[in-house]
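Raw input_16.cif, mmCIF, C-alpha atoms:
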data_query
#
loop_
_atom_site.label_atom_id
_atom_site.label_comp_id
_atom_site.auth_asym_id
_atom_site.auth_seq_id
_atom_site.Cartn_x
_atom_site.Cartn_y
_atom_site.Cartn_z
CA MET A 1 148.49 96.98 55.67
CA LYS A 2 144.70 96.97 55.35
CA VAL A 3 142.41 98.92 57.63
CA SER A 4 138.61 98.66 57.47
CA VAL A 5 136.38 101.48 58.65
CA ILE A 6 132.65 101.09 59.28
CA ILE A 7 130.39 104.08 58.70
CA ASP A 8 126.91 103.67 60.13
CA PRO A 9 124.53 106.25 58.61
CA ALA A 10 122.21 105.88 61.61
CA HIS A 11 124.87 107.14 64.04
CA ASP A 12 127.60 108.84 62.00
CA GLN A 13 127.68 111.89 59.82
CA HIS A 14 128.91 109.86 56.87
CA ASP A 15 129.88 112.86 54.72
CA THR A 16 132.04 114.28 57.51
CA VAL A 17 133.70 110.92 58.14
CA ARG A 18 134.43 110.45 54.42
CA TYR A 19 135.85 113.98 54.21
CA ASP A 20 138.14 113.33 57.20
CA ILE A 21 139.38 110.09 55.63
CA GLN A 22 139.97 111.67 52.22
CA THR A 23 141.79 114.63 53.76
CA PHE A 24 144.09 112.31 55.68
CA LEU A 25 144.78 110.16 52.61
CA HIS A 26 145.56 113.10 50.35
CA PHE A 27 147.63 115.25 52.69
CA GLN A 28 149.15 113.10 55.45
CA THR A 29 150.22 109.80 53.90
CA ARG A 30 153.78 109.10 52.82
CA GLY A 31 153.18 105.97 50.77
CA TYR A 32 150.65 104.70 48.27
CA TRP A 33 147.14 103.66 49.22
CA THR A 34 144.02 102.20 47.63
CA ILE A 35 140.47 102.41 48.92
CA SER A 36 137.39 100.29 48.25
CA GLU A 37 133.84 100.41 49.57
CA GLU A 38 131.29 97.68 50.27
CA ARG A 39 128.06 97.35 52.21
CA ASP A 40 127.76 94.89 55.07
CA PHE A 41 124.66 92.91 56.08
CA ASP A 42 123.37 95.91 58.11
CA ARG A 43 123.74 98.21 55.05
CA ARG A 44 126.59 100.10 56.69
CA ALA A 45 129.41 101.36 54.49
CA VAL A 46 132.68 99.50 54.97
CA LEU A 47 135.69 101.35 53.59
CA THR A 48 138.83 99.24 53.24
CA ILE A 49 142.06 101.17 52.87
CA ASP A 50 145.25 99.34 51.87
CA PHE A 51 148.31 101.34 52.95
CA SER A 52 151.74 100.63 51.46
CA ASP A 53 153.41 102.23 54.50
CA PRO A 54 152.48 100.65 57.87
CA SER A 55 153.16 103.91 59.69
CA ASP A 56 150.41 105.56 57.63
CA ALA A 57 147.98 102.87 58.82
CA HIS A 58 149.06 103.46 62.43
CA ASN A 59 148.66 107.24 62.09
CA PHE A 60 145.25 106.73 60.50
CA LYS A 61 144.07 104.64 63.45
CA CYS A 62 145.23 107.39 65.82
CA LEU A 63 143.02 110.07 64.25
CA PRO A 64 140.44 111.48 66.67
CA ASN A 65 137.26 109.36 66.68
CA MET A 66 138.70 106.96 64.09
CA ALA A 67 139.64 104.20 66.55
CA THR A 68 135.95 103.62 67.32
CA ARG A 69 135.19 103.11 63.61
CA VAL A 70 138.07 100.80 62.71
CA SER A 71 136.81 97.26 62.23
CA ARG A 72 138.68 94.41 63.88
CA ARG A 73 137.83 91.84 61.17
#
Show how you would write the structure in this file as structure tokens.
Amino acid sequence: MKVSVIIDPAHDQHDTVRYDIQTFLHFQTRGYWTISEERDFDRRAVLTIDFSDPSDAHNFKCLPNMATRVSRR
């Protein structure tokens, strides 16, 4: 299950957001995952995480302040 997260450097502390994501991925996931990064037309970072376990994706979306960053593409 893929989840996209938008990090806007104008409004977010991008280093803190990346650290929170990496901490979750390394310590709280049960399955495998891959992550990729792109830039959108507004030059915001778009991180796409592909979870092998759907419950990991659900738990990721439930992290504090993460629901506002998850893209509904």
- Item | For Pro64 (chain A): contacts at 12 Å, only C-alpha atoms, fewer than 6 positions along chain excluded, given as a list in words |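 The neighbour list is Val17, Asp20, Ile21, Phe24 and Val70 of chain A.
We find CA of Asp15 (chain A) and CA of Ser55 (chain A) to be spaced 25.4 Å apart.
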Edge lengths and centre in Å, axis-aligned, region 62-67 of chain A plus 8 Å each side, as JSON:
{"center_x": 141.2, "center_y": 107.8, "center_z": 65.4, "size_x": 24.0, "size_y": 23.3, "size_z": 18.6}
- Any idea what's packed within 10 Å of Asp40 (chain A), counting all atoms listed in the file, ignoring anything in its chain fewer than 5 positions away? Could you give it as a ChimeraX atom specification? /A:6,45-46
- Item | Minimum-distance residue to Tyr32 (chain A), chosen among A:Ala57, A:Leu47, A:Ile7, A:Met66 (using only C-alpha atoms) | A:Ala57
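Separating CA of Ile49 (chain A) from CA of Trp33 (chain A) is a distance of 6.7 Å.
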- Quick one: of A:Phe27, A:Arg44, A:Thr34, A:Thr68, who's nearest to His14 (chain A), counting only C-alpha atoms?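 Among the listed residues, A:Arg44 lies closest to His14 (chain A).
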- Query: Mind pulling up the distance from CA of Thr16 (chain A) to CA of Ser52 (chain A)?
  - Reply: 24.7 Å
- Query: Could you pull the residues within 12 Å of Asp53 (chain A), counting all atoms listed in the file, minus those fewer than 2 positions along the same chain, as a list in words?
  - Reply: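 Here the qualifying residues turn out to be Met1, Lys2, Val3, Leu25, Gln28, Thr29, Arg30, Gly31, Tyr32, Trp33, Thr34, Ile49, Asp50, Phe51, Ser55, Asp56, Ala57, His58, Asn59 and Phe60 of chain A.
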- Pick from A:Arg43, A:Glu37, A:Gln22, A:Val5, whichever lies nearest to Ala67 (chain A) using only C-alpha atoms: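 Ranked by minimum distance to Ala67 (chain A), first place goes to A:Val5.
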- Task: Determine the nearest neighbour of Phe41 (chain A) from the options A:Asp8, A:Arg69, A:Tyr19, A:His26, counting all atoms listed in the file.
- Result: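 Using all atoms listed in the file, the shortest distance to Phe41 (chain A) belongs to A:Asp8.
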